[in-house]
Every structure is written in structure tokens, then in C-alpha cells.
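K.L.:
Pasting upload_6.pdb below, which is PDB, C-alpha atoms and all ligand atoms.
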```
ATOM      1  CA  MET A  76     122.850  43.995  65.838
ATOM      2  CA  SER A  77     124.716  42.812  62.682
ATOM      3  CA  GLU A  78     123.335  43.475  59.222
ATOM      4  CA  LYS A  79     122.746  39.713  58.754
ATOM      5  CA  SER A  80     120.753  39.250  61.951
ATOM      6  CA  ASP A  81     118.750  42.389  61.156
ATOM      7  CA  LEU A  82     117.819  40.865  57.775
ATOM      8  CA  ASN A  83     116.831  37.609  59.482
ATOM      9  CA  ARG A  84     114.654  39.506  61.932
ATOM     10  CA  ARG A  85     112.892  41.383  59.140
ATOM     11  CA  HIS A  86     112.342  38.097  57.294
ATOM     12  CA  PHE A  87     110.786  36.620  60.443
ATOM     13  CA  LEU A  88     108.488  39.640  60.837
ATOM     14  CA  THR A  89     107.391  39.337  57.196
ATOM     15  CA  VAL A  90     106.600  35.635  57.574
ATOM     16  CA  ALA A  91     104.845  36.174  60.900
ATOM     17  CA  THR A  92     102.705  38.935  59.439
ATOM     18  CA  SER A  93     101.766  36.786  56.457
ATOM     19  CA  VAL A  94     100.745  33.886  58.671
ATOM     20  CA  THR A  95      98.763  36.158  60.980
ATOM     21  CA  GLY A  96      97.069  37.636  57.920
ATOM     22  CA  ALA A  97      96.138  34.193  56.644
ATOM     23  CA  VAL A  98      94.710  33.216  60.037
ATOM     24  CA  GLY A  99      92.790  36.463  60.048
ATOM     25  CA  VAL A 100      91.209  35.590  56.720
ATOM     26  CA  GLY A 101      90.232  32.240  58.176
ATOM     27  CA  PHE A 102      88.511  33.843  61.123
ATOM     28  CA  VAL A 103      86.704  36.274  58.860
ATOM     29  CA  ALA A 104      85.614  33.524  56.492
ATOM     30  CA  VAL A 105      84.082  31.248  59.155
ATOM     31  CA  PRO A 106      81.405  33.668  60.409
ATOM     32  CA  PHE A 107      80.541  34.502  56.817
ATOM     33  CA  VAL A 108      80.013  30.830  55.940
ATOM     34  CA  ALA A 109      78.237  30.168  59.230
ATOM     35  CA  SER A 110      75.807  32.998  58.582
ATOM     36  CA  TRP A 111      74.069  31.092  55.801
ATOM     37  CA  LEU A 112      74.245  27.651  57.372
ATOM     38  CA  PRO A 113      72.021  27.743  60.474
ATOM     39  CA  SER A 114      68.668  27.174  58.842
ATOM     40  CA  ALA A 115      69.891  24.067  57.002
ATOM     41  CA  ARG A 116      71.774  22.846  60.055
ATOM     42  CA  ALA A 117      68.873  23.623  62.351
ATOM     43  CA  ARG A 118      66.571  21.624  60.122
ATOM     44  CA  ALA A 119      68.919  18.645  60.204
ATOM     45  CA  LEU A 120      69.295  18.917  63.976
ATOM     46  CA  GLY A 121      65.621  19.014  64.659
ATOM     47  CA  ALA A 122      63.915  22.288  63.946
ATOM     48  CA  PRO A 123      60.129  21.817  63.906
ATOM     49  CA  VAL A 124      58.559  20.858  60.591
ATOM     50  CA  GLU A 125      55.223  22.196  59.387
ATOM     51  CA  VAL A 126      52.832  19.866  57.563
ATOM     52  CA  ASP A 127      49.772  21.193  55.784
ATOM     53  CA  ILE A 128      47.178  18.423  55.693
ATOM     54  CA  SER A 129      44.410  20.427  54.047
ATOM     55  CA  LYS A 130      44.770  18.330  50.864
ATOM     56  CA  LEU A 131      45.306  14.990  52.588
ATOM     57  CA  ASP A 132      42.480  12.709  51.496
ATOM     58  CA  ASP A 133      40.618  10.299  53.745
ATOM     59  CA  GLY A 134      42.627   7.113  54.082
ATOM     60  CA  ALA A 135      45.779   8.710  52.654
ATOM     61  CA  MET A 136      49.221   9.261  54.136
ATOM     62  CA  VAL A 137      51.882  11.911  53.672
ATOM     63  CA  ARG A 138      55.561  11.426  54.500
ATOM     64  CA  VAL A 139      57.826  14.190  55.806
ATOM     65  CA  GLN A 140      61.324  14.274  57.257
ATOM     66  CA  TRP A 141      62.007  15.420  60.793
ATOM     67  CA  ARG A 142      65.428  15.131  62.421
ATOM     68  CA  GLY A 143      66.496  13.099  59.411
ATOM     69  CA  ARG A 144      63.838  10.469  60.009
ATOM     70  CA  PRO A 145      60.543   9.776  58.250
ATOM     71  CA  VAL A 146      57.350  10.895  59.917
ATOM     72  CA  TRP A 147      54.011   9.751  58.550
ATOM     73  CA  VAL A 148      50.771  11.620  58.824
ATOM     74  CA  VAL A 149      47.708   9.475  58.101
ATOM     75  CA  ARG A 150      44.139  10.681  57.799
ATOM     76  CA  ARG A 151      42.312   7.629  59.131
ATOM     77  CA  THR A 152      38.679   7.176  58.230
ATOM     78  CA  GLN A 153      36.002   6.227  60.725
ATOM     79  CA  VAL A 154      35.829   2.825  58.995
ATOM     80  CA  MET A 155      39.567   2.319  59.569
ATOM     81  CA  LEU A 156      39.189   3.249  63.243
ATOM     82  CA  ASP A 157      36.199   0.949  63.690
ATOM     83  CA  ARG A 158      38.005  -1.945  62.036
ATOM     84  CA  MET A 159      40.988  -1.412  64.302
ATOM     85  CA  GLU A 160      38.886  -1.250  67.446
ATOM     86  CA  ASN A 161      36.842  -4.322  66.539
ATOM     87  CA  SER A 162      39.660  -6.453  65.152
ATOM     88  CA  GLY A 163      40.068  -8.451  68.354
ATOM     89  CA  ILE A 164      43.809  -8.632  67.766
ATOM     90  CA  GLU A 165      45.780  -8.981  70.960
ATOM     91  CA  LEU A 166      48.527  -6.417  70.897
ATOM     92  CA  ARG A 167      51.803  -6.640  72.744
ATOM     93  CA  ASP A 168      51.486  -3.200  74.350
ATOM     94  CA  PRO A 169      47.887  -2.084  73.728
ATOM     95  CA  ASP A 170      48.047   0.851  76.136
ATOM     96  CA  SER A 171      51.505   1.905  74.945
ATOM     97  CA  LEU A 172      52.871   1.816  78.476
ATOM     98  CA  GLU A 173      56.226   0.467  77.281
ATOM     99  CA  SER A 174      56.378   2.567  74.148
ATOM    100  CA  ILE A 175      57.452   6.093  73.369
ATOM    101  CA  GLN A 176      54.946   8.882  72.773
ATOM    102  CA  PRO A 177      53.952  12.209  74.316
ATOM    103  CA  ASN A 178      51.468  11.930  77.188
ATOM    104  CA  PHE A 179      48.672  13.295  75.028
ATOM    105  CA  ALA A 180      48.983  10.182  72.828
ATOM    106  CA  LEU A 181      48.354   7.697  75.645
ATOM    107  CA  ASN A 182      45.029   6.613  74.187
ATOM    108  CA  ASP A 183      43.840   3.930  71.751
ATOM    109  CA  PHE A 184      44.360   6.207  68.783
ATOM    110  CA  ARG A 185      47.767   7.380  70.005
ATOM    111  CA  SER A 186      46.973  10.849  68.731
ATOM    112  CA  LEU A 187      45.643  14.292  69.548
ATOM    113  CA  LYS A 188      42.757  13.841  67.124
ATOM    114  CA  PRO A 189      41.437  10.307  66.597
ATOM    115  CA  LYS A 190      41.482  10.472  62.817
ATOM    116  CA  ILE A 191      44.938  12.015  62.418
ATOM    117  CA  LEU A 192      47.862   9.730  63.159
ATOM    118  CA  VAL A 193      51.357  11.250  63.343
ATOM    119  CA  VAL A 194      53.938   8.521  63.779
ATOM    120  CA  LEU A 195      57.651   7.940  63.259
ATOM    121  CA  GLY A 196      58.103   5.661  60.270
ATOM    122  CA  VAL A 197      60.948   3.715  61.852
ATOM    123  CA  CYS A 198      60.579   0.102  62.969
ATOM    124  CA  THR A 199      61.435  -0.352  66.636
ATOM    125  CA  HIS A 200      63.274  -3.588  65.841
ATOM    126  CA  LEU A 201      66.299  -2.568  63.784
ATOM    127  CA  GLY A 202      65.179   0.697  62.252
ATOM    128  CA  CYS A 203      63.817  -0.295  58.839
ATOM    129  CA  SER A 204      60.979   1.779  57.482
ATOM    130  CA  PRO A 205      57.754  -0.253  57.492
ATOM    131  CA  THR A 206      55.309  -0.033  54.617
ATOM    132  CA  ALA A 207      51.787   1.301  54.914
ATOM    133  CA  ARG A 208      49.345  -1.511  54.246
ATOM    134  CA  PHE A 209      45.839  -0.141  54.528
ATOM    135  CA  ASP A 210      44.318  -2.939  52.444
ATOM    136  CA  VAL A 211      42.147  -5.503  54.228
ATOM    137  CA  ALA A 212      42.909  -9.240  54.278
ATOM    138  CA  PRO A 213      45.561  -9.223  51.538
ATOM    139  CA  ALA A 214      46.953 -12.629  50.580
ATOM    140  CA  ASP A 215      50.415 -11.969  52.018
ATOM    141  CA  LEU A 216      49.240 -10.690  55.415
ATOM    142  CA  GLY A 217      46.326 -13.003  56.030
ATOM    143  CA  PRO A 218      42.565 -12.822  56.498
ATOM    144  CA  ASP A 219      42.779 -11.125  59.908
ATOM    145  CA  TRP A 220      44.673  -8.134  58.613
ATOM    146  CA  VAL A 221      42.533  -4.991  58.951
ATOM    147  CA  GLY A 222      45.125  -2.473  57.808
ATOM    148  CA  GLY A 223      48.235  -1.153  59.466
ATOM    149  CA  PHE A 224      51.975  -1.104  58.889
ATOM    150  CA  PHE A 225      54.181  -4.016  57.928
ATOM    151  CA  CYS A 226      57.948  -4.116  58.238
ATOM    152  CA  PRO A 227      59.306  -6.331  55.446
ATOM    153  CA  CYS A 228      62.773  -6.588  57.009
ATOM    154  CA  HIS A 229      61.812  -9.201  59.601
ATOM    155  CA  GLY A 230      58.040  -9.282  59.403
ATOM    156  CA  SER A 231      56.841  -7.042  62.259
ATOM    157  CA  LYS A 232      53.203  -6.009  62.059
ATOM    158  CA  PHE A 233      51.658  -2.877  63.556
ATOM    159  CA  ASP A 234      48.055  -1.742  63.670
ATOM    160  CA  LEU A 235      46.743   1.588  62.396
ATOM    161  CA  SER A 236      47.899   3.259  65.606
ATOM    162  CA  GLY A 237      51.403   1.858  65.212
ATOM    163  CA  ARG A 238      50.879  -0.740  67.964
ATOM    164  CA  VAL A 239      52.889  -3.894  67.495
ATOM    165  CA  TYR A 240      51.312  -7.334  67.226
ATOM    166  CA  PRO A 241      52.430  -9.990  69.703
ATOM    167  CA  ALA A 242      55.429 -12.257  69.038
ATOM    168  CA  MET A 243      57.008  -9.881  66.563
ATOM    169  CA  PRO A 244      60.700  -8.951  66.318
ATOM    170  CA  ALA A 245      59.824  -5.305  67.087
ATOM    171  CA  PRO A 246      59.737  -4.943  70.890
ATOM    172  CA  THR A 247      57.549  -1.843  71.170
ATOM    173  CA  ASN A 248      54.990   0.214  69.319
ATOM    174  CA  LEU A 249      56.104   2.723  66.717
ATOM    175  CA  THR A 250      57.153   6.014  68.276
ATOM    176  CA  ILE A 251      54.862   9.033  68.275
ATOM    177  CA  PRO A 252      56.826  12.282  67.955
ATOM    178  CA  PRO A 253      55.837  15.483  69.740
ATOM    179  CA  TYR A 254      53.538  17.625  67.631
ATOM    180  CA  ARG A 255      50.756  20.153  67.883
ATOM    181  CA  PHE A 256      48.041  21.578  65.700
ATOM    182  CA  VAL A 257      47.726  25.154  64.549
ATOM    183  CA  GLY A 258      44.119  25.316  63.422
ATOM    184  CA  ASP A 259      42.594  22.280  61.724
ATOM    185  CA  ASN A 260      45.082  21.665  58.973
ATOM    186  CA  LEU A 261      48.550  22.691  60.069
ATOM    187  CA  ILE A 262      50.658  20.353  62.169
ATOM    188  CA  ILE A 263      53.932  21.395  63.744
ATOM    189  CA  ILE A 264      56.078  18.310  64.251
ATOM    190  CA  GLY A 265      58.738  18.738  66.912
ATOM    191  CA  GLU A 266      56.711  21.056  69.116
ATOM    192  CA  GLU A 267      54.272  20.128  71.800
ATOM    193  CA  THR A 268      51.876  22.802  73.038
ATOM    194  CA  GLY A 269      54.263  25.499  71.920
ATOM    195  CA  VAL A 270      57.421  23.989  73.391
ATOM    196  CA  ALA A 271      60.112  22.699  71.041
ATOM    197  CA  ALA A 272      61.098  19.123  71.769
TER     198      ALA A 272
HETATM  199  S1  LIG B 301      63.587  -3.899  61.336
HETATM  200 FE1  LIG B 301      61.419  -4.126  61.280
HETATM  201  S2  LIG B 301      61.106  -6.169  61.765
HETATM  202 FE2  LIG B 301      63.242  -5.956  61.872
END
```
Here is a file; write its structure as C-alpha cells.
Ligand code: FES

P.N.:
Amino acid sequence: MSEKSDLNRRHFLTVATSVTGAVGVGFVAVPFVASWLPSARARALGAPVEVDISKLDDGAMVRVQWRGRPVWVVRRTQVMLDRMENSGIELRDPDSLESIQPNFALNDFRSLKPKILVVLGVCTHLGCSPTARFDVAPADLGPDWVGGFFCPCHGSKFDLSGRVYPAMPAPTNLTIPPYRFVGDNLIIIGEETGVAA
């Protein structure tokens, strides 16, 4: 081997070693970065969310994020439930047979406990977030309004169980996510009877 080709070979080895070293740093760096990411990533991807409702007043609502979407928890009063049941409003899907919810929510209250509503705050028309309108017979919603949710984007109305009124742009009721209770005041959204959704 000539002196020139020997020099070339050594130059190649030096470059190859440097590149390998740089790749090695890359491989070392990725697990280090990944080690502090999972909890944030897991939350974004759908890890269960805990909601403490011990301080949630009667008739009030709390908003949380689950899988990047708003979830509302409402503590309905008996008066709100009675008004809803006696409103006489004909709903598009009163038994929620064409809507999305866990099996345990296939009841008029669409919930595990009648007074606690857990519902996805996303309109089933085009995905706007409806507003909570718990006032009765407001001027803009009419004398028959007994409280519920109103989507200002295209005017869809939902009752206090998230059931859509007839002839609305929204085709189905609001979605009920999987959830479970731990005791009276802690709700785990994203888990149903101990199984992650
Ligand atoms: S997005 Fe709610 S009515 Fe259209």
C-alpha cells in the first residue's frame, strides 16, 4: 500500500469514527429525552383524568380536558332533573340509541348517578363547543327552554342530558365518555369499571 493510499485510509477511518460517534450521541440522547416525555404524551393521548367534584356546587359545571377535548361535569339539581323530565320536548334520540355513550349511560339521565352528568363538550354537528345555558326561558332561546346546552355555531339545542332537540343541525346526542367513580367525589374520566378506554 502506497503512503498516499494509507493516508487516505486513515482519513476515512477518522471520518467514519466521527460519524459513528455522532450517531451514538443521537441514540443516547433520544432515550434520555423520552424518559421525561411519557407522562405529558400519555396525557395528550388519553390517559385517564381525575376530577374532584367535592367542591362542585348544585347547578354548577366544571370543565376538564381529556384526550385534548373538553369534558363537562355538571351537578344537576333535582329541580333541573324534574324540569327536564316534565318539559314535554320531543327529542330526536330520546333513548340515545343512535348516540355514543357507555352502556351504563343508556338511561334518561345518561349517567351513572342521576345528578352527575359527565359529557363531552363537543357538538356532534361540526365540533364546536356548545355553551351551558341552565337559565329557564331566556329571551334568545324561547319560553320552552328549561335549561341545557346551546351550540351558537349553527343553533343546535341539547337538553340537560346532552340529548339533541329535533330538526337541529347536530345529528346525535352529545357523547358520554367512559368514566367511573372512586367514592362519592372522585371521577376518573377515561376508565370504565377499572378498565382504561
Ligand atoms: S357545530 Fe354545533 S350546530 Fe354546528

K.L.:
May I have the residues within 8 Å of ligand LIG 301 (chain B), computed using all atoms listed in the file, as number ranges by chain?

P.N.:
A: 197-205, 225-232, 243-245

K.L.:
Of the residues A:Pro145, A:Gly237, A:Pro246, A:Gly222, which is the one nearest to A:Gly196, using only C-alpha atoms?

P.N.:
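Answer, going by the shortest atom-to-atom distance: A:Pro145.
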
K.L.:
Restricting the calculation to all atoms listed in the file: of A:Ile164, A:Leu249, A:Leu192, A:Ala212, which residue gets closest to A:Arg150?

P.N.:
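Answer, going by the shortest atom-to-atom distance: A:Leu192.
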
K.L.:
May I ask which of the residues A:Val139, A:Val124, A:Val193, A:Met159 is the closest one to A:Val211, counting all atoms listed in the file?

P.N.:
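Among the listed residues, the smallest separation from A:Val211 belongs to A:Met159.
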
K.L.:
Mind checking which residues fall within 6 Å of A:Leu195, counting all atoms listed in the file, ignoring those fewer than 3 positions away in the same chain, and posting them as an mmCIF file with C-alpha atoms, in the coordinates of the input?

P.N.:
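What follows is the written file result-v4.cif:
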```
data_model
loop_
_atom_site.group_PDB
_atom_site.id
_atom_site.type_symbol
_atom_site.label_atom_id
_atom_site.label_comp_id
_atom_site.auth_asym_id
_atom_site.auth_seq_id
_atom_site.Cartn_x
_atom_site.Cartn_y
_atom_site.Cartn_z
ATOM 1 C CA VAL A 146 57.350 10.895 59.917
ATOM 2 C CA THR A 250 57.153 6.014 68.276
ATOM 3 C CA ILE A 251 54.862 9.033 68.275
#
```

K.L.:
Could you jot down the atom CA of A:Ser236 to atom CA of A:Phe184 separation for me, Å, one decimal place?

P.N.:
5.6 Å

K.L.:
Which of these, A:Arg185, A:Arg151, A:Lys190, A:Arg142, has the shortest distance to A:Arg238 once you count only C-alpha atoms?

P.N.:
A:Arg185

K.L.:
Enclose the full set of atoms of stretch 239-244 of chain A listed in the file within a box whose edges lie along x, y and z, apply 6 Å of padding to each of the six sides, and report centre and edge lengths in Å to one decimal as JSON.

P.N.:
```
{"center_x": 56.0, "center_y": -8.1, "center_z": 68.0, "size_x": 21.4, "size_y": 20.4, "size_z": 15.4}
```

K.L.:
Residues at most 8 Å from A:Phe224, counting all atoms listed in the file, excluding those fewer than 3 positions away in the same chain, as a PyMOL selection string?

P.N.:
chain A and resi 205-209+232-235+237

K.L.:
Give me the residues near A:Val148 as an MDAnalysis selection string, where near means some atom within 8 Å (using all atoms listed in the file) and where sequence neighbours in that chain fewer than 4 positions away do not count.

P.N.:
chainID A and resid 136:138 191:194

K.L.:
Can you tell me, as a list in words, what residues are no more than 7 Å from stretch 173-178 of chain A when counting all atoms listed in the file, ignoring any on the same chain fewer than 4 positions away?

P.N.:
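Result of the neighbour search: Asp168, Thr247, Asn248, Thr250, Ile251, Pro252 and Pro253 of chain A.
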
K.L.:
What gap, in Å, lies between atom CA of A:Pro123 and atom CA of A:Tyr254?

P.N.:
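Computing the Euclidean distance for atom CA of A:Pro123 and atom CA of A:Tyr254 yields 8.7 Å.
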
K.L.:
For the structure provided, state which residues fall under the PyMOL selection byres (((chain A and resi 259) around 10) and not hetatm), and present them as an mmCIF file with C-alpha atoms, keeping the file's coordinate frame.

P.N.:
```cif
data_model
loop_
_atom_site.group_PDB
_atom_site.id
_atom_site.type_symbol
_atom_site.label_atom_id
_atom_site.label_comp_id
_atom_site.auth_asym_id
_atom_site.auth_seq_id
_atom_site.Cartn_x
_atom_site.Cartn_y
_atom_site.Cartn_z
ATOM 1 C CA ASP A 127 49.772 21.193 55.784
ATOM 2 C CA ILE A 128 47.178 18.423 55.693
ATOM 3 C CA SER A 129 44.410 20.427 54.047
ATOM 4 C CA PHE A 256 48.041 21.578 65.700
ATOM 5 C CA VAL A 257 47.726 25.154 64.549
ATOM 6 C CA GLY A 258 44.119 25.316 63.422
ATOM 7 C CA ASN A 260 45.082 21.665 58.973
ATOM 8 C CA LEU A 261 48.550 22.691 60.069
ATOM 9 C CA ILE A 262 50.658 20.353 62.169
#
```
